[in-house]
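Chemist: For reference, the file data23.cif (mmCIF, C-alpha atoms and all ligand atoms) is included below:
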```
data_upload
loop_
_atom_site.label_atom_id
_atom_site.label_comp_id
_atom_site.auth_asym_id
_atom_site.auth_seq_id
_atom_site.Cartn_x
_atom_site.Cartn_y
_atom_site.Cartn_z
CA MET A 1 0.00 0.00 0.00
CA ILE A 2 2.73 2.48 1.00
CA GLU A 3 6.23 2.15 -0.39
CA VAL A 4 8.98 4.51 0.70
CA SER A 5 12.21 4.18 -1.26
CA ASN A 6 15.61 5.86 -0.93
CA LEU A 7 13.98 8.80 0.83
CA SER A 8 16.30 11.55 2.07
CA LYS A 9 15.64 14.95 3.52
CA THR A 10 18.15 17.74 4.03
CA TYR A 11 16.72 20.90 5.58
CA GLU A 12 17.64 24.35 4.25
CA ASN A 13 20.26 24.74 6.99
CA GLY A 14 22.05 21.63 5.72
CA TYR A 15 20.79 19.28 8.44
CA GLU A 16 20.26 15.73 7.13
CA ALA A 17 17.09 14.63 8.90
CA LEU A 18 16.49 11.47 6.83
CA LYS A 19 19.14 9.30 5.19
CA ASN A 20 18.06 6.87 2.50
CA VAL A 21 14.94 5.57 4.22
CA ASN A 22 13.30 2.43 2.81
CA PHE A 23 10.23 0.58 4.05
CA SER A 24 6.79 -0.48 3.02
CA VAL A 25 3.43 -0.81 4.73
CA GLN A 26 0.92 -3.47 3.71
CA LYS A 27 -2.74 -2.75 3.17
CA GLY A 28 -4.57 -2.70 6.51
CA GLU A 29 -1.34 -2.88 8.47
CA LEU A 30 -0.73 -0.80 11.62
CA VAL A 31 2.93 0.18 11.59
CA CYS A 32 4.59 2.10 14.40
CA LEU A 33 7.31 4.53 13.46
CA LEU A 34 9.44 4.53 16.60
CA GLY A 35 12.54 6.41 17.65
CA PRO A 36 13.96 8.93 20.10
CA SER A 37 13.03 12.58 19.96
CA GLY A 38 14.66 14.35 17.01
CA CYS A 39 15.33 11.18 14.98
CA GLY A 40 13.19 12.31 12.04
CA LYS A 41 9.78 10.73 12.69
CA SER A 42 7.71 13.86 12.11
CA THR A 43 9.84 14.80 9.11
CA LEU A 44 9.10 11.40 7.57
CA LEU A 45 5.38 11.52 8.36
CA ASN A 46 5.08 15.06 7.00
CA ILE A 47 6.78 14.00 3.77
CA ILE A 48 4.42 11.02 3.42
CA SER A 49 1.46 13.34 3.97
CA GLY A 50 2.77 15.89 1.48
CA LEU A 51 3.13 18.72 4.01
CA LEU A 52 6.89 18.64 3.41
CA ASP A 53 8.97 17.85 0.32
CA ALA A 54 11.67 15.19 0.28
CA THR A 55 15.12 16.08 -1.03
CA SER A 56 15.29 12.80 -2.95
CA GLY A 57 13.58 9.43 -3.14
CA ASP A 58 10.09 8.22 -3.88
CA ILE A 59 6.82 7.44 -2.10
CA LYS A 60 4.19 5.27 -3.72
CA PHE A 61 0.60 4.72 -2.65
CA ASP A 62 -0.84 1.60 -4.33
CA GLY A 63 2.01 1.61 -6.82
CA GLN A 64 1.54 5.27 -7.83
CA SER A 65 4.15 7.85 -6.96
CA VAL A 66 2.68 10.69 -4.87
CA ILE A 67 5.73 12.95 -5.17
CA GLY A 68 4.42 16.37 -6.19
CA VAL A 69 0.82 15.44 -5.33
CA ALA A 70 -0.80 17.98 -2.97
CA PRO A 71 -1.62 16.76 0.58
CA GLU A 72 -5.40 17.04 0.11
CA LYS A 73 -5.18 14.84 -2.99
CA ARG A 74 -3.28 12.01 -1.29
CA ASP A 75 -6.36 10.52 0.38
CA ILE A 76 -4.94 10.50 3.91
CA GLY A 77 -6.24 11.32 7.36
CA PHE A 78 -3.81 13.02 9.72
CA VAL A 79 -3.98 13.15 13.52
CA PHE A 80 -1.65 15.64 15.20
CA GLN A 81 -0.15 15.55 18.67
CA ASN A 82 -2.02 18.71 19.73
CA TYR A 83 -5.36 17.55 18.17
CA ALA A 84 -5.67 20.79 16.13
CA LEU A 85 -9.46 20.96 16.58
CA PHE A 86 -11.45 24.07 15.65
CA PRO A 87 -12.26 25.66 19.04
CA HIS A 88 -15.44 27.45 17.93
CA MET A 89 -17.07 24.28 16.58
CA THR A 90 -18.68 21.47 18.53
CA ALA A 91 -17.13 18.00 18.42
CA LYS A 92 -19.72 16.97 15.86
CA GLU A 93 -19.09 20.04 13.68
CA ASN A 94 -15.37 19.31 13.83
CA VAL A 95 -15.94 15.77 12.60
CA MET A 96 -18.38 17.03 9.94
CA PHE A 97 -16.00 19.71 8.67
CA PRO A 98 -13.98 17.69 6.11
CA LEU A 99 -17.26 16.63 4.46
CA THR A 100 -18.43 20.22 3.93
CA VAL A 101 -15.47 21.71 2.08
CA GLY A 102 -13.59 21.35 -1.19
CA LYS A 103 -13.13 17.96 -2.74
CA GLY A 104 -14.49 16.12 0.28
CA LYS A 105 -17.90 17.76 0.07
CA ILE A 106 -20.81 15.33 -0.04
CA SER A 107 -24.57 15.63 0.45
CA LYS A 108 -25.75 16.73 3.90
CA LYS A 109 -27.67 13.52 4.42
CA GLU A 110 -24.72 11.32 3.59
CA ALA A 111 -22.41 13.50 5.65
CA ARG A 112 -24.64 13.17 8.71
CA LYS A 113 -24.69 9.41 8.30
CA ASN A 114 -20.89 9.18 8.07
CA VAL A 115 -20.39 11.51 11.01
CA GLN A 116 -22.75 9.41 13.12
CA LYS A 117 -20.82 6.28 12.23
CA TYR A 118 -17.48 7.70 13.32
CA LEU A 119 -18.86 9.39 16.44
CA LYS A 120 -20.07 5.93 17.41
CA LEU A 121 -16.83 4.13 16.49
CA THR A 122 -14.79 6.58 18.57
CA HIS A 123 -17.28 6.55 21.49
CA ILE A 124 -18.02 10.30 21.46
CA GLU A 125 -21.74 10.36 20.63
CA ASP A 126 -22.55 11.61 24.14
CA ILE A 127 -20.21 14.58 23.99
CA ALA A 128 -20.76 15.48 20.32
CA HIS A 129 -22.56 18.73 21.21
CA LYS A 130 -19.65 20.08 23.28
CA LYS A 131 -16.86 22.36 22.12
CA PRO A 132 -13.20 21.31 22.46
CA GLY A 133 -12.71 23.63 25.47
CA GLN A 134 -15.29 21.58 27.39
CA LEU A 135 -13.65 18.24 26.58
CA SER A 136 -10.88 16.27 28.27
CA GLY A 137 -7.67 15.51 26.42
CA GLY A 138 -8.78 11.97 25.70
CA GLN A 139 -12.14 13.13 24.34
CA GLN A 140 -10.44 15.75 22.14
CA GLN A 141 -8.15 13.07 20.78
CA ARG A 142 -11.12 10.87 19.92
CA VAL A 143 -12.71 13.80 18.07
CA ALA A 144 -9.49 14.35 16.12
CA ILE A 145 -9.40 10.67 15.16
CA ALA A 146 -13.05 10.69 14.09
CA ARG A 147 -12.37 13.80 11.98
CA ALA A 148 -9.38 12.12 10.34
CA LEU A 149 -11.40 9.01 9.48
CA VAL A 150 -14.70 10.54 8.38
CA GLN A 151 -13.64 10.93 4.76
CA GLN A 152 -12.69 7.26 4.77
CA PRO A 153 -9.15 7.89 3.58
CA LYS A 154 -6.86 5.12 2.35
CA VAL A 155 -4.16 5.95 4.87
CA LEU A 156 -4.20 7.18 8.46
CA LEU A 157 -1.13 9.00 9.79
CA MET A 158 -0.85 9.77 13.50
CA ASP A 159 2.00 11.80 14.98
CA GLU A 160 2.48 11.02 18.69
CA PRO A 161 -1.30 11.19 19.23
CA LEU A 162 -1.16 10.11 22.87
CA SER A 163 1.72 12.15 24.23
CA ASN A 164 -0.49 14.83 25.79
CA LEU A 165 -2.53 12.32 27.78
CA ASP A 166 -1.85 10.99 31.27
CA ALA A 167 -0.37 7.52 31.64
CA ARG A 168 -3.56 5.56 32.36
CA LEU A 169 -5.53 7.20 29.58
CA ARG A 170 -2.67 6.58 27.17
CA LEU A 171 -2.96 2.85 27.83
CA GLN A 172 -6.72 2.90 27.29
CA ILE A 173 -6.74 5.05 24.15
CA ARG A 174 -3.93 3.12 22.50
CA GLU A 175 -6.01 -0.04 22.79
CA GLU A 176 -9.01 1.82 21.41
CA ILE A 177 -6.96 3.09 18.49
CA ARG A 178 -5.73 -0.37 17.62
CA ALA A 179 -9.24 -1.83 17.84
CA LEU A 180 -10.62 1.04 15.75
CA VAL A 181 -8.09 0.94 12.89
CA LYS A 182 -8.44 -2.84 12.73
CA GLU A 183 -12.22 -2.56 12.60
CA VAL A 184 -12.06 0.07 9.88
CA GLY A 185 -9.23 -1.83 8.16
CA ILE A 186 -7.29 1.31 7.36
CA THR A 187 -3.56 1.31 6.60
CA THR A 188 -1.98 3.25 9.47
CA ILE A 189 1.36 4.74 10.41
CA PHE A 190 1.48 5.61 14.10
CA VAL A 191 4.44 7.69 15.31
CA THR A 192 5.68 7.34 18.86
CA HIS A 193 8.89 7.69 20.88
CA ASP A 194 7.55 5.17 23.42
CA GLN A 195 8.79 1.64 22.74
CA GLU A 196 6.17 0.04 24.99
CA GLU A 197 3.42 1.83 23.09
CA ALA A 198 4.89 0.63 19.78
CA LEU A 199 5.28 -2.96 21.03
CA SER A 200 1.72 -3.04 22.32
CA ILE A 201 -0.13 -1.71 19.28
CA GLY A 202 2.06 -2.13 16.20
CA ASP A 203 1.73 -5.05 13.79
CA ARG A 204 5.27 -4.07 12.93
CA ILE A 205 7.78 -1.48 14.12
CA ILE A 206 10.07 0.69 12.04
CA LEU A 207 12.79 1.86 14.39
CA LEU A 208 14.51 5.05 13.34
CA ASN A 209 17.62 6.70 14.75
CA GLU A 210 19.37 9.79 13.42
CA GLY A 211 17.37 9.61 10.22
CA ILE A 212 18.35 5.99 9.49
CA VAL A 213 16.05 2.95 9.69
CA GLN A 214 17.73 0.66 12.22
CA GLN A 215 15.33 -2.26 11.87
CA ALA A 216 11.84 -2.89 10.54
CA ASP A 217 10.22 -5.99 11.95
CA LYS A 218 7.68 -7.37 14.37
CA GLY A 219 8.18 -6.08 17.90
CA GLN A 220 9.15 -9.47 19.29
CA ASN A 221 11.86 -9.84 16.66
CA LEU A 222 13.31 -6.46 17.55
CA TYR A 223 13.42 -7.69 21.14
CA LEU A 224 14.75 -11.20 20.53
CA ASN A 225 16.89 -10.55 17.48
CA PRO A 226 18.02 -6.91 17.43
CA ALA A 227 19.96 -5.79 14.38
CA ASN A 228 22.44 -3.72 16.37
CA GLN A 229 23.26 -2.29 19.78
CA PHE A 230 20.97 0.70 19.36
CA VAL A 231 17.95 -1.55 18.75
CA ALA A 232 18.86 -3.86 21.64
CA ASN A 233 19.16 -0.90 23.96
CA PHE A 234 16.06 0.95 22.77
CA ILE A 235 13.62 -1.98 22.97
CA GLY A 236 12.78 -3.62 26.29
CA ASN A 237 11.77 -2.68 29.80
CA PRO A 238 13.80 -2.98 31.95
CA VAL A 239 16.47 -2.01 29.46
CA ILE A 240 19.13 -4.48 28.39
CA ASP A 241 22.34 -4.79 30.41
CA LEU A 242 25.37 -3.80 28.34
CA PHE A 243 28.75 -4.93 29.70
CA LYS A 244 31.91 -3.47 28.25
CA MET A 245 34.32 -6.34 27.53
CA ASN A 246 37.82 -6.76 26.07
CA TRP A 247 39.24 -9.65 24.06
CA ASP A 248 42.39 -10.93 25.74
CA GLY A 249 43.19 -13.39 22.98
CA GLU A 250 41.08 -16.24 24.36
CA ARG A 251 38.22 -14.80 26.28
CA LEU A 252 35.97 -11.79 26.52
CA VAL A 253 36.79 -10.24 29.90
CA ASN A 254 35.85 -7.40 32.16
CA SER A 255 36.94 -6.71 35.75
CA THR A 256 34.33 -9.09 37.18
CA PHE A 257 33.80 -12.05 34.86
CA ASN A 258 34.84 -13.64 31.59
CA ILE A 259 33.03 -15.70 29.04
CA SER A 260 35.54 -18.25 27.89
CA GLU A 261 33.17 -21.20 27.83
CA PHE A 262 30.93 -19.47 25.39
CA GLN A 263 30.94 -20.66 21.80
CA LEU A 264 32.64 -17.68 20.27
CA ASN A 265 33.60 -19.39 17.02
CA ASN A 266 33.03 -17.62 13.71
CA ILE A 267 33.74 -14.26 15.29
CA ASN A 268 37.05 -12.62 14.53
CA PHE A 269 37.77 -10.80 17.76
CA GLU A 270 40.71 -8.42 17.72
CA LYS A 271 43.09 -8.38 20.64
CA ASP A 272 42.67 -5.46 23.05
CA LYS A 273 39.63 -4.17 21.23
CA SER A 274 36.53 -3.45 23.23
CA TYR A 275 33.25 -5.21 22.71
CA CYS A 276 29.86 -4.97 24.28
CA LEU A 277 28.03 -7.93 25.76
CA GLY A 278 24.27 -7.42 25.82
CA ILE A 279 22.13 -9.53 28.17
CA ARG A 280 18.47 -8.99 28.91
CA PRO A 281 17.88 -8.76 32.68
CA GLU A 282 15.73 -11.92 32.64
CA ASN A 283 18.82 -13.79 31.44
CA ILE A 284 20.88 -12.86 34.50
CA GLN A 285 19.59 -15.05 37.33
CA PRO A 286 20.69 -15.76 40.89
CA ASN A 287 22.36 -19.18 41.03
CA ASP A 288 24.37 -20.30 44.08
CA SER A 289 25.93 -23.42 42.60
CA ASP A 290 26.82 -22.37 39.06
CA PHE A 291 27.67 -18.69 38.73
CA ASP A 292 29.65 -16.23 36.60
CA PHE A 293 30.05 -13.40 39.11
CA GLN A 294 28.79 -12.02 42.39
CA ALA A 295 27.55 -8.57 43.22
CA GLN A 296 25.92 -6.70 46.08
CA ILE A 297 22.30 -5.63 45.60
CA LYS A 298 22.02 -1.84 45.77
CA ASP A 299 18.32 -1.47 45.15
CA ILE A 300 15.20 -3.47 44.32
CA GLU A 301 12.31 -2.29 42.20
CA LEU A 302 8.94 -3.98 42.02
CA ILE A 303 7.18 -4.07 38.66
CA GLY A 304 3.97 -6.05 38.69
CA ARG A 305 4.82 -9.71 39.27
CA ASP A 306 8.56 -9.18 38.90
CA ARG A 307 11.38 -7.67 40.91
CA ILE A 308 14.37 -5.91 39.43
CA LEU A 309 17.54 -6.50 41.45
CA LYS A 310 19.99 -3.66 40.82
CA PHE A 311 23.73 -4.11 41.28
CA GLU A 312 26.89 -2.33 40.20
CA ILE A 313 29.94 -3.40 38.26
CA ASP A 314 32.67 -0.82 37.61
CA GLU A 315 30.36 1.88 38.98
CA LYS A 316 27.74 1.13 36.35
CA GLN A 317 24.33 -0.17 37.26
CA TYR A 318 22.98 -3.49 35.97
CA ARG A 319 19.78 -5.42 36.51
CA SER A 320 18.51 -8.91 37.11
CA LEU A 321 14.80 -9.56 36.58
CA VAL A 322 13.45 -12.16 39.00
CA LYS A 323 10.08 -13.43 40.14
CA VAL A 324 8.44 -11.57 42.99
CA GLU A 325 8.69 -14.66 45.27
CA ASN A 326 12.48 -14.27 45.25
CA GLU A 327 13.62 -13.36 48.77
CA ILE A 328 16.82 -11.45 48.09
CA ASN A 329 17.16 -8.13 49.94
CA VAL A 330 19.06 -4.89 49.45
CA GLY A 331 22.61 -5.33 50.76
CA ASP A 332 22.78 -9.09 50.04
CA THR A 333 25.71 -10.34 47.99
CA VAL A 334 24.27 -12.53 45.26
CA LYS A 335 25.85 -15.06 42.87
CA PHE A 336 24.60 -14.60 39.33
CA LYS A 337 24.62 -16.83 36.26
CA ILE A 338 24.44 -15.34 32.78
CA ASN A 339 22.47 -17.26 30.16
CA MET A 340 25.02 -16.96 27.36
CA GLU A 341 22.73 -18.60 24.82
CA LYS A 342 20.59 -15.48 24.88
CA ALA A 343 23.51 -13.04 24.78
CA PHE A 344 24.31 -10.52 22.06
CA ILE A 345 27.79 -9.26 21.23
CA PHE A 346 28.40 -5.91 19.59
CA ASN A 347 31.62 -4.36 18.34
CA ASP A 348 32.71 -0.84 19.21
CA LYS A 349 30.61 0.53 16.33
CA GLY A 350 27.49 -1.08 17.80
CA GLU A 351 27.29 -3.67 15.01
CA ARG A 352 26.04 -7.04 16.11
CA LEU A 353 28.55 -9.89 15.85
CA PHE A 354 26.52 -12.53 17.64
P1 LIG B 1 11.07 13.72 15.68
O1 LIG B 1 9.69 13.91 15.18
O2 LIG B 1 11.57 12.32 15.55
O3 LIG B 1 11.25 14.21 17.09
P2 LIG B 1 11.75 15.68 13.65
O4 LIG B 1 11.41 15.00 12.39
O5 LIG B 1 10.80 16.70 14.15
O6 LIG B 1 12.07 14.59 14.79
O7 LIG B 1 13.17 16.37 13.49
C1 LIG B 1 14.30 15.65 13.06
C2 LIG B 1 15.51 16.54 13.10
O8 LIG B 1 15.40 17.56 12.12
C3 LIG B 1 15.70 17.24 14.43
O9 LIG B 1 17.07 17.27 14.74
C4 LIG B 1 15.17 18.62 14.17
O10 LIG B 1 15.81 19.56 15.00
C5 LIG B 1 15.52 18.83 12.72
N1 LIG B 1 14.56 19.75 12.05
C6 LIG B 1 13.21 19.65 12.06
N2 LIG B 1 12.65 20.65 11.33
C7 LIG B 1 13.68 21.37 10.85
C8 LIG B 1 13.78 22.54 10.01
N3 LIG B 1 12.68 23.14 9.51
N4 LIG B 1 15.03 23.01 9.73
C9 LIG B 1 16.12 22.40 10.22
N5 LIG B 1 16.10 21.30 10.99
C10 LIG B 1 14.90 20.79 11.32
MG MG B 2 7.96 14.61 16.11
#
```
So, in terms of structure tokens, how does the structure I just supplied come out?

Modeler:
Amino acid sequence: MIEVSNLSKTYENGYEALKNVNFSVQKGELVCLLGPSGCGKSTLLNIISGLLDATSGDIKFDGQSVIGVAPEKRDIGFVFQNYALFPHMTAKENVMFPLTVGKGKISKKEARKNVQKYLKLTHIEDIAHKKPGQLSGGQQQRVAIARALVQQPKVLLMDEPLSNLDARLRLQIREEIRALVKEVGITTIFVTHDQEEALSIGDRIILLNEGIVQQADKGQNLYLNPANQFVANFIGNPVIDLFKMNWDGERLVNSTFNISEFQLNNINFEKDKSYCLGIRPENIQPNDSDFDFQAQIKDIELIGRDRILKFEIDEKQYRSLVKVENEINVGDTVKFKINMEKAFIFNDKGERLF
């Protein structure tokens, strides 16, 4: 449905915001465009919508290039972070608006029918007579979504639509959005900087950093099989533990443990070069009989049914994720075993070697 190829954007001041971006979105797919603040997400979304021109590259909708096609002719709905509702109109009038102007204009009867449908789908029938100033953030966001969908566009683009909502509402509305776009069947690109949000609602995630696509895949694959150190570090909560290691000729070592027993064949380590060992906290477990290192617990955090044991090595904090039944306390010295089968190894450029 959407095909982005070799897309680059250099702003007037010479800043390269996008560097040769390639990805595609299938019909009916909900793709999350994820990445830290400033990585180029809005730039990319604005180029897809036509609000901004690319410096080079192509975008196709259904096989047709849309480069040079005006935004209103691209058949897209756009939801902005700040909702951008008309303050003097009621919720219903806001949703109706796209059907009363320009190319989108349809008969009043048909317009009323469509508006009713989307008021219902977004659960705002009861507040349809109110103006944006009388609505909560979550209600305003639902109005903005209904307004974006009412013309039944081919593509829905949403730029950090939940970032102005409080945490609990964010969880609720993200589920509603996923249910809604799946019900409507619309091809959607949802921009967020929040990896948990992307993992929970995206069919697939396109992870961007510094204008470069780092990996485009299902969320679980980004977690289990990250393309590089950036991806491994960006995806996951608690975040991955990254240990700085050196190759001494036979083993990867740091001040506290080494991993000589590990099957390190097929990797050409260079002597005295530094590497990074990445282990997810669930793969570092207390084990009294068979252990790689010991460390004193500095702090313990409870998250739902799990506990995060925090310890330090070389003045850097690391984590072990254990079940809540675990009876370790702050101050205890604990023996830990690393599950090397689930480890990642990165070189000093952050490229994944293993
Ligand atoms: P994101 O949405 O991921 O936070 P943006 O796409 O808004 O990131 O911005 C990407 C980068 O491009 C940022 O470093 C930003 O400062 C820069 N940028 C955005 N707009 C302009 C502009 N008009 N001129 C120059 N640089 C810009
Ligand atoms: Mg942005």

Chemist: Interatomic distance between CA of Val191 (chain A) and CA of Asp166 (chain A)?

Modeler: 17.5 Å

Chemist: Which of these, A:Asn46, A:Thr333, A:Asn22, A:Asn339, has the shortest distance to ligand LIG 1 (chain B) once you count only C-alpha atoms and all ligand atoms?

Modeler: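 Once distances to ligand LIG 1 (chain B) are computed over only C-alpha atoms and all ligand atoms, the minimum belongs to A:Asn46.
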
Chemist: I'd like the contact shell of Glu125 (chain A) - 12 Å cut-off, only C-alpha atoms, skipping same-chain residues fewer than 2 positions apart - returned as an MDAnalysis selection string.

Modeler: chainID A and resid 90:92 95 115:123 127:130 139 142:143 146

Chemist: In Å, how far is it from CA of Ile308 (chain A) to CA of Ile338 (chain A)?

Modeler: 15.3 Å

Chemist: Given only C-alpha atoms as the basis, pick out the residue of A:Leu99, A:Leu149, A:Ile67, A:Val322 nearest to Val184 (chain A).

Modeler: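 Among the listed residues, A:Leu149 lies closest to Val184 (chain A).
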
Chemist: Identify which of the residues A:Gly77, A:Gly14, A:Gly137, A:Pro161 lies closest to ligand MG 2 (chain B), counting all atoms listed in the file when measuring atom-to-atom distances.

Modeler: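 Among the listed residues, the smallest separation from ligand MG 2 (chain B) belongs to A:Pro161.
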
Chemist: I'd like the neighbourhood of region 211-228 of chain A as number ranges by chain, where a residue qualifies if any of its atoms comes within 7 Å (using only C-alpha atoms), though same-chain residues fewer than 5 positions away should be ignored.

Modeler: A: 17-19, 21, 39-40, 199, 203-206, 235-236, 350-352

Chemist: Tell me which of A:Ser163, A:Thr192, A:Gln141, A:Ser8 sits closest to ligand LIG 1 (chain B), counting only C-alpha atoms and all ligand atoms.

Modeler: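 Smallest separation from ligand LIG 1 (chain B) among the options: A:Thr192.
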
Chemist: My list of candidates is A:Asn329, A:Val155, A:Lys335, A:Ser260. Which is closest to Asp292 (chain A) when distances are computed with only C-alpha atoms?

Modeler: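 Looking at the shortest contact to Asp292 (chain A), the residue is A:Lys335.
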
Chemist: Any residue with an atom at most 7 Å from ligand LIG 1 (chain B) counts, using only C-alpha atoms and all ligand atoms. Which are they? Put them as a VMD selection string.

Modeler: chain A and resid 11 to 13 15 17 35 to 44

Chemist: Could you jot down the CA of Gln296 (chain A) to CA of Phe243 (chain A) separation for me, Å, one decimal place?

Modeler: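 CA of Phe243 (chain A) lies at a distance of 16.7 Å from CA of Gln296 (chain A).
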
Chemist: Restricting the calculation to only C-alpha atoms, which member of A:Lys349, A:Asp53, A:Ile124, A:Met96 is positioned closest to Lys108 (chain A)?

Modeler: A:Met96

Chemist: What's around Leu51 (chain A) at 10 Å? Count all atoms listed in the file, leave out sequence neighbours fewer than 4 positions away in its own chain, and write the answer as a ChimeraX atom specification.

Modeler: /A:43,45-47,70-72
